[in-house]
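File shown here: query_7.json, holding JSON, C-alpha atoms.
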```json
[["chain", "number", "residue", "atom", "x", "y", "z"],
["A", 5, "MET", "CA", -4.03, -18.70, 3.99],
["A", 6, "PRO", "CA", -5.04, -17.53, 0.54],
["A", 7, "THR", "CA", -8.72, -17.17, -0.15],
["A", 8, "ASP", "CA", -10.78, -17.21, -3.31],
["A", 9, "GLU", "CA", -12.42, -13.93, -2.41],
["A", 10, "ALA", "CA", -12.17, -11.17, -4.99],
["A", 11, "SER", "CA", -9.26, -8.85, -4.27],
["A", 12, "ALA", "CA", -9.93, -5.25, -3.30],
["A", 13, "ILE", "CA", -6.91, -4.26, -5.38],
["A", 14, "ALA", "CA", -7.97, -3.39, -8.92],
["A", 15, "ILE", "CA", -5.55, -3.34, -11.85],
["A", 16, "ARG", "CA", -6.14, -0.43, -14.21],
["A", 17, "LEU", "CA", -3.94, -1.80, -16.95],
["A", 18, "ASP", "CA", -6.69, -1.69, -19.59],
["A", 19, "VAL", "CA", -7.29, 2.02, -18.93],
["A", 20, "LEU", "CA", -3.56, 2.83, -19.12],
["A", 21, "LEU", "CA", -3.18, 0.83, -22.34],
["A", 22, "GLN", "CA", -6.17, 2.59, -23.89],
["A", 23, "ASP", "CA", -4.83, 6.01, -22.92],
["A", 24, "ARG", "CA", -1.46, 5.27, -24.53],
["A", 25, "GLY", "CA", -2.89, 3.49, -27.54],
["A", 26, "MET", "CA", -0.93, 0.34, -26.80],
["A", 27, "THR", "CA", -2.07, -3.27, -27.04],
["A", 28, "LEU", "CA", -1.54, -5.92, -24.40],
["A", 29, "THR", "CA", 0.55, -7.94, -26.85],
["A", 30, "GLU", "CA", 2.80, -4.98, -27.54],
["A", 31, "LEU", "CA", 3.32, -4.30, -23.83],
["A", 32, "ALA", "CA", 4.02, -7.98, -23.17],
["A", 33, "GLY", "CA", 6.73, -7.89, -25.85],
["A", 34, "ARG", "CA", 8.30, -4.72, -24.46],
["A", 35, "ILE", "CA", 8.51, -5.88, -20.84],
["A", 36, "GLY", "CA", 9.42, -9.50, -21.59],
["A", 37, "ILE", "CA", 6.42, -11.13, -19.99],
["A", 38, "THR", "CA", 4.20, -13.69, -21.68],
["A", 39, "LEU", "CA", 0.86, -12.47, -22.96],
["A", 40, "ALA", "CA", -0.86, -15.11, -20.82],
["A", 41, "ASN", "CA", 0.72, -13.79, -17.61],
["A", 42, "LEU", "CA", 0.01, -10.19, -18.50],
["A", 43, "SER", "CA", -3.57, -11.14, -19.27],
["A", 44, "ILE", "CA", -3.82, -12.73, -15.80],
["A", 45, "LEU", "CA", -2.65, -9.44, -14.33],
["A", 46, "LYS", "CA", -5.04, -7.38, -16.46],
["A", 47, "THR", "CA", -8.08, -9.44, -15.53],
["A", 48, "GLY", "CA", -7.27, -9.21, -11.81],
["A", 49, "LYS", "CA", -6.63, -12.94, -11.42],
["A", 50, "ALA", "CA", -3.02, -12.51, -10.27],
["A", 51, "ARG", "CA", -2.24, -13.20, -6.60],
["A", 52, "ALA", "CA", 0.87, -11.01, -6.54],
["A", 53, "ILE", "CA", 3.00, -8.75, -8.71],
["A", 54, "ARG", "CA", 6.79, -8.64, -8.70],
["A", 55, "PHE", "CA", 8.54, -5.31, -8.26],
["A", 56, "SER", "CA", 10.44, -6.05, -11.48],
["A", 57, "THR", "CA", 7.14, -6.47, -13.37],
["A", 58, "LEU", "CA", 5.70, -3.31, -11.82],
["A", 59, "GLU", "CA", 8.87, -1.41, -12.67],
["A", 60, "ALA", "CA", 8.82, -2.60, -16.28],
["A", 61, "ILE", "CA", 5.15, -1.71, -16.76],
["A", 62, "CYS", "CA", 5.65, 1.76, -15.23],
["A", 63, "ARG", "CA", 8.70, 2.30, -17.45],
["A", 64, "GLU", "CA", 6.90, 1.37, -20.65],
["A", 65, "LEU", "CA", 3.60, 3.10, -19.84],
["A", 66, "GLN", "CA", 5.31, 6.16, -18.32],
["A", 67, "CYS", "CA", 3.22, 5.94, -15.17],
["A", 68, "GLN", "CA", 3.46, 5.50, -11.42],
["A", 69, "PRO", "CA", 2.53, 2.31, -9.52],
["A", 70, "GLY", "CA", -0.46, 4.18, -8.10],
["A", 71, "ASP", "CA", -1.77, 4.71, -11.62],
["A", 72, "LEU", "CA", -1.79, 0.95, -12.17],
["A", 73, "LEU", "CA", -3.07, -0.25, -8.80],
["A", 74, "GLN", "CA", -6.18, 0.98, -7.10],
["A", 75, "TYR", "CA", -7.70, -0.02, -3.77],
["A", 76, "GLU", "CA", -11.45, -0.47, -3.98],
["A", 77, "ARG", "CA", -13.25, -0.75, -0.64],
["A", 78, "ASN", "CA", -15.47, -3.88, -0.49],
["A", 79, "GLY", "CA", -14.26, -4.77, -3.95],
["A", 80, "LEU", "CA", -16.43, -2.07, -5.48],
["B", 11, "MET", "CA", 13.18, -44.21, -12.29],
["B", 12, "PHE", "CA", 9.71, -43.00, -11.28],
["B", 13, "SER", "CA", 7.97, -45.42, -13.63],
["B", 14, "ALA", "CA", 9.99, -48.31, -12.14],
["B", 15, "ILE", "CA", 8.89, -47.27, -8.64],
["B", 16, "THR", "CA", 5.25, -47.02, -9.74],
["B", 17, "ILE", "CA", 5.38, -50.48, -11.34],
["B", 18, "SER", "CA", 7.06, -51.90, -8.20],
["B", 19, "LEU", "CA", 4.32, -50.42, -6.02],
["B", 20, "ARG", "CA", 1.62, -51.90, -8.24],
["B", 21, "ILE", "CA", 3.28, -55.31, -8.11],
["B", 22, "ALA", "CA", 3.64, -54.99, -4.33],
["B", 23, "ASN", "CA", -0.07, -54.22, -4.07],
["B", 24, "TRP", "CA", -0.94, -57.19, -6.22],
["B", 25, "LEU", "CA", 1.26, -59.40, -4.02],
["B", 26, "ASN", "CA", -0.39, -57.92, -0.94],
["B", 27, "TRP", "CA", -3.81, -59.10, -2.10],
["B", 28, "PHE", "CA", -2.63, -62.41, -3.54],
["B", 29, "PHE", "CA", -0.55, -63.64, -0.61],
["B", 30, "GLY", "CA", -2.91, -62.06, 1.92],
["B", 31, "ALA", "CA", -5.84, -63.96, 0.42],
["B", 32, "LEU", "CA", -3.75, -67.14, 0.13],
["B", 33, "LEU", "CA", -2.72, -66.96, 3.78],
["B", 34, "MET", "CA", -6.29, -66.19, 4.87],
["B", 35, "VAL", "CA", -7.68, -69.17, 2.97],
["B", 36, "THR", "CA", -4.95, -71.46, 4.32],
["B", 37, "LEU", "CA", -5.43, -70.35, 7.92],
["B", 38, "SER", "CA", -9.22, -70.51, 7.56],
["B", 39, "ALA", "CA", -8.87, -74.06, 6.22],
["B", 40, "ILE", "CA", -6.79, -75.05, 9.26],
["B", 41, "VAL", "CA", -9.04, -73.31, 11.80],
["B", 42, "GLY", "CA", -12.26, -74.50, 10.13],
["B", 43, "ASP", "CA", -10.81, -77.97, 9.50],
["B", 44, "TRP", "CA", -11.70, -77.85, 5.79],
["B", 45, "ALA", "CA", -11.10, -81.25, 4.17],
["B", 46, "GLY", "CA", -9.53, -82.46, 7.40],
["B", 47, "LEU", "CA", -6.64, -80.01, 7.05],
["B", 48, "GLY", "CA", -6.98, -78.76, 10.64],
["B", 49, "THR", "CA", -6.95, -82.30, 12.04],
["B", 50, "MET", "CA", -3.91, -83.13, 9.91],
["B", 51, "VAL", "CA", -1.99, -80.11, 11.19],
["B", 52, "PHE", "CA", -3.00, -80.42, 14.84],
["B", 53, "THR", "CA", -2.07, -84.13, 15.07],
["B", 54, "HIS", "CA", 1.57, -82.96, 14.87],
["B", 55, "ILE", "CA", 1.17, -80.44, 17.69],
["B", 56, "GLU", "CA", 1.59, -81.63, 21.27],
["B", 57, "PRO", "CA", 0.14, -81.39, 23.85],
["B", 58, "ALA", "CA", -3.49, -81.43, 22.70],
["B", 59, "SER", "CA", -4.43, -79.00, 25.46],
["B", 60, "THR", "CA", -2.77, -76.21, 23.47],
["B", 61, "HIS", "CA", -4.90, -76.76, 20.36],
["B", 62, "ASN", "CA", -7.69, -74.40, 21.33],
["B", 63, "ALA", "CA", -5.24, -71.61, 22.14],
["B", 64, "ILE", "CA", -3.44, -72.12, 18.81],
["B", 65, "ARG", "CA", -6.77, -72.22, 16.95],
["B", 66, "GLY", "CA", -7.66, -68.94, 18.63],
["B", 67, "TYR", "CA", -4.31, -67.49, 17.59],
["B", 68, "LEU", "CA", -4.82, -68.53, 13.95],
["B", 69, "PHE", "CA", -8.41, -67.27, 13.99],
["B", 70, "ALA", "CA", -7.18, -63.89, 15.31],
["B", 71, "MET", "CA", -4.71, -63.77, 12.41],
["B", 72, "VAL", "CA", -7.53, -64.43, 9.92],
["B", 73, "VAL", "CA", -9.63, -61.66, 11.48],
["B", 74, "MET", "CA", -6.74, -59.16, 11.55],
["B", 75, "MET", "CA", -5.56, -59.73, 8.01],
["B", 76, "PRO", "CA", -8.34, -57.97, 6.02],
["B", 77, "PRO", "CA", -7.91, -54.57, 7.72],
["B", 78, "VAL", "CA", -4.15, -54.81, 7.24],
["B", 79, "MET", "CA", -4.55, -55.77, 3.57],
["B", 80, "VAL", "CA", -6.91, -52.84, 3.00],
["B", 81, "ALA", "CA", -4.53, -50.47, 4.82],
["B", 82, "VAL", "CA", -1.58, -51.69, 2.76],
["B", 83, "HIS", "CA", -3.68, -51.24, -0.40],
["B", 84, "TRP", "CA", -4.44, -47.66, 0.68],
["B", 85, "ILE", "CA", -0.76, -46.96, 1.33],
["B", 86, "LEU", "CA", 0.54, -48.47, -1.90],
["B", 87, "THR", "CA", -2.09, -46.95, -4.22],
["B", 88, "ARG", "CA", -1.71, -43.50, -2.73],
["B", 89, "LEU", "CA", 2.06, -43.78, -2.77],
["B", 90, "ALA", "CA", 1.90, -44.74, -6.47],
["B", 91, "ALA", "CA", -0.25, -41.67, -7.15],
["B", 92, "LEU", "CA", 2.23, -39.51, -5.23],
["B", 93, "VAL", "CA", 5.15, -40.87, -7.23],
["B", 94, "ARG", "CA", 3.21, -40.33, -10.47],
["B", 95, "ASP", "CA", 2.60, -36.67, -9.56],
["B", 96, "ALA", "CA", 6.21, -36.22, -8.46],
["B", 97, "ALA", "CA", 7.36, -37.57, -11.82],
["B", 98, "VAL", "CA", 5.57, -34.75, -13.66],
["B", 99, "GLY", "CA", 6.67, -32.11, -11.14],
["B", 100, "HIS", "CA", 3.33, -31.69, -9.39],
["B", 101, "ALA", "CA", 4.10, -33.16, -5.99],
["B", 102, "LEU", "CA", 3.08, -30.14, -3.92],
["B", 103, "THR", "CA", -0.70, -30.28, -4.28],
["B", 104, "ASP", "CA", -3.66, -30.48, -1.91],
["B", 105, "ALA", "CA", -4.50, -33.89, -3.39],
["B", 106, "ASN", "CA", -1.09, -35.23, -2.39],
["B", 107, "ALA", "CA", -1.44, -33.74, 1.08],
["B", 108, "ALA", "CA", -4.72, -35.67, 1.39],
["B", 109, "ARG", "CA", -2.96, -38.81, 0.13],
["B", 110, "LEU", "CA", -0.26, -38.45, 2.79],
["B", 111, "ARG", "CA", -2.94, -38.03, 5.46],
["B", 112, "ALA", "CA", -4.61, -41.21, 4.18],
["B", 113, "ILE", "CA", -1.25, -43.02, 4.35],
["B", 114, "ALA", "CA", -0.81, -41.75, 7.91],
["B", 115, "TRP", "CA", -4.23, -43.09, 8.96],
["B", 116, "ALA", "CA", -3.54, -46.42, 7.24],
["B", 117, "THR", "CA", -0.16, -46.67, 8.99],
["B", 118, "LEU", "CA", -1.87, -45.94, 12.30],
["B", 119, "ALA", "CA", -4.42, -48.68, 11.60],
["B", 120, "ILE", "CA", -1.62, -51.17, 10.89],
["B", 121, "ALA", "CA", 0.19, -50.15, 14.10],
["B", 122, "ILE", "CA", -3.00, -50.68, 16.13],
["B", 123, "VAL", "CA", -3.64, -54.08, 14.53],
["B", 124, "ASP", "CA", 0.00, -54.95, 15.27],
["B", 125, "LEU", "CA", -0.58, -54.14, 18.94],
["B", 126, "CYS", "CA", -3.68, -56.36, 18.97],
["B", 127, "PHE", "CA", -1.68, -59.11, 17.29],
["B", 128, "GLY", "CA", 1.00, -58.67, 19.94],
["B", 129, "TRP", "CA", -1.57, -59.04, 22.70],
["B", 130, "VAL", "CA", -2.88, -62.25, 21.08],
["B", 131, "SER", "CA", 0.68, -63.56, 20.65],
["B", 132, "VAL", "CA", 1.56, -62.92, 24.29],
["B", 133, "ALA", "CA", -1.70, -64.53, 25.47],
["B", 134, "THR", "CA", -1.11, -67.58, 23.24],
["B", 135, "SER", "CA", 2.51, -67.85, 24.40],
["B", 136, "LYS", "CA", 1.32, -67.90, 28.03],
["B", 137, "ALA", "CA", -1.40, -70.45, 27.29],
["B", 138, "THR", "CA", 0.83, -72.84, 25.36],
["B", 139, "GLY", "CA", 4.25, -72.30, 26.89],
["B", 140, "GLU", "CA", 5.63, -71.79, 23.38],
["B", 141, "TYR", "CA", 6.98, -68.45, 22.16],
["B", 142, "PHE", "CA", 4.73, -66.94, 19.48],
["B", 143, "GLY", "CA", 7.09, -64.37, 18.07],
["B", 144, "TRP", "CA", 6.16, -60.72, 18.35],
["B", 145, "SER", "CA", 8.02, -57.61, 19.40],
["B", 146, "LEU", "CA", 6.85, -54.05, 19.67],
["B", 147, "SER", "CA", 7.81, -52.08, 16.58],
["B", 148, "LEU", "CA", 8.19, -48.35, 17.12],
["B", 149, "THR", "CA", 8.74, -47.63, 13.42],
["B", 150, "GLY", "CA", 5.03, -47.39, 12.66],
["B", 151, "TRP", "CA", 4.31, -45.23, 15.69],
["B", 152, "ILE", "CA", 7.09, -42.84, 14.70],
["B", 153, "ALA", "CA", 5.99, -42.84, 11.05],
["B", 154, "VAL", "CA", 2.39, -41.81, 11.86],
["B", 155, "PRO", "CA", 3.11, -38.32, 13.32],
["B", 156, "LEU", "CA", 5.85, -37.88, 10.73],
["B", 157, "LEU", "CA", 3.36, -38.53, 7.92],
["B", 158, "PHE", "CA", 0.78, -36.16, 9.41],
["B", 159, "VAL", "CA", 3.43, -33.44, 9.66],
["B", 160, "LEU", "CA", 4.56, -34.17, 6.10],
["B", 161, "ALA", "CA", 0.95, -33.89, 4.92],
["B", 162, "HIS", "CA", 0.78, -30.47, 6.58],
["B", 163, "VAL", "CA", 4.04, -29.47, 4.89],
["B", 164, "PHE", "CA", 2.59, -30.55, 1.53],
["B", 165, "ARG", "CA", -0.54, -28.48, 2.16],
["B", 166, "GLU", "CA", 1.58, -25.44, 3.01],
["B", 167, "GLY", "CA", 3.73, -26.13, -0.04],
["B", 168, "ALA", "CA", 0.63, -26.35, -2.25],
["B", 169, "ALA", "CA", -0.54, -22.96, -0.97],
["B", 170, "MET", "CA", 2.90, -21.46, -1.62],
["B", 171, "ARG", "CA", 2.98, -22.99, -5.08],
["B", 172, "ALA", "CA", -0.45, -21.53, -5.87],
["B", 173, "ASP", "CA", 0.80, -18.12, -4.73],
["B", 174, "LEU", "CA", 3.91, -18.46, -6.84],
["B", 175, "GLU", "CA", 1.92, -19.51, -9.89],
["B", 176, "GLY", "CA", -0.33, -16.48, -9.41],
["B", 177, "THR", "CA", 2.62, -14.11, -9.24],
["B", 178, "VAL", "CA", 3.18, -12.06, -12.37]]
```
Starting from the file, give its structure as structure tokens.
Amino acid sequence: MPTDEASAIAIRLDVLLQDRGMTLTELAGRIGITLANLSILKTGKARAIRFSTLEAICRELQCQPGDLLQYERNGL
Amino acid sequence: MFSAITISLRIANWLNWFFGALLMVTLSAIVGDWAGLGTMVFTHIEPASTHNAIRGYLFAMVVMMPPVMVAVHWILTRLAALVRDAAVGHALTDANAARLRAIAWATLAIAIVDLCFGWVSVATSKATGEYFGWSLSLTGWIAVPLLFVLAHVFREGAAMRADLEGTV
């Protein structure tokens, strides 16, 4: 059953965007995902991520999935 | 189509209260002999030795009607809410799972009252020698577990929907 507890998986999308000088809106346009959905992902409110979304983000940001996702023990 | 169903359910609920209350008042008037109505009715029933048993039967009906009317109200109002949610594509929610559970409990209540009514009917039939129609209906007893299972399915569906909506 899903819980409301904070996920231990952190999304480092903001860091990657900052490093590449790209805005969230620009990335959303490039990968064909709505800004609202991408914002959900960025703020860590998403419950799951599709492989197709992960692939598109990695393609556009020239990164690996491990650069985007990070496991933080005890949510720290 | 959905709006027609919702309107039908509302009308059915209104009829439930109206005719339920009408029947209760009528039976109460006969049992309580309001304005000599009971005397008028029972003068046509022979033999007189059966009158007390028949009065008891009618009184039992008066007592059993309110819980059935409330249960029917619960079923129809929750069903209307379910249909309303289904019409806008939001059927799989925790609220609807709770509504189905409420419908299941209400159906169980009606089935139990029906059993009690059956017991009263059989007892009155024995006492009077006349057949007071009642037969065991399995529909309600089958519907109850079905509704509880359906409520569980809705709860699972709501969780899956939440997961799907949270998938980017």
Problem set entry | Expected answer as a PyMOL selection string: chain B residues within 12 Å of chain A, all atoms listed in the file | chain B and resi 165-178
Exercise. Which neighbours of stretch 143-154 of chain B fall inside 7 Å, counting all atoms listed in the file, when residues of the same chain fewer than 3 positions from it are skipped, and could you give them as a list in words?
Worked result: Ala114, Thr117, Leu118, Ala121, Gly128, Ser131, Leu157 and Phe158 of chain B
Exercise. By how many Å are atom CA of A:Glu76 and atom CA of A:Thr47 apart?
Worked result: 15.0 Å
Problem set entry | Distance in Å - atom CA of B:Ile113 versus atom CA of B:Val163 |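 Here the two named atoms are 14.6 Å from each other.
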For this session: Compute the distance from (-2.9, -51.8, 2.7) to each atom, counting only C-alpha atoms, keep the residues with any atom at most 12 Å away, and return them as a ChimeraX atom specification; use the coordinates of the file.
Result: /B:19-20,22-27,30,75-89,112-121
Seminar exercise, completed: Min atom-atom distance to B:Ala107 from the set B:Ala90, B:Ala161, B:Ala137, B:Leu156, counting all atoms listed in the file, belongs to B:Ala161
Problem set entry | For atom CA of B:Leu160 and atom CA of B:Met74, the interatomic separation in Å (one decimal) |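 Interatomic distance, atom CA of B:Leu160 to atom CA of B:Met74: 28.0 Å.
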Exercise. Quick one: residues within 10 Å of B:Tyr141, only C-alpha atoms counted, chain neighbours fewer than 6 positions away excluded, as a list in words?
Worked result: Ser131, Val132, Thr134 and Ser135 of chain B
For this session: Excluding stretch 19-21 of chain A and residues on its chain fewer than 4 positions from it, collect all residues at most 12 Å away from it, counting only C-alpha atoms, and give them as a list of chain:residue names.
Result: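 The filter keeps A:Ala14, A:Ile15, A:Gly25, A:Met26, A:Thr27, A:Leu28, A:Thr29, A:Glu30, A:Leu31, A:Ala32, A:Lys46, A:Thr47, A:Ile61, A:Cys62, A:Glu64, A:Leu65, A:Gln66, A:Cys67, A:Gln68, A:Pro69, A:Gly70, A:Asp71, A:Leu72, A:Leu73, A:Gln74.
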For this session: Could you check which of B:Ile122, B:Leu33, B:Ile64, B:Ile15 is closest to B:Gly48, using all atoms listed in the file?
Result: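 Smallest separation from B:Gly48 among the options: B:Ile64.
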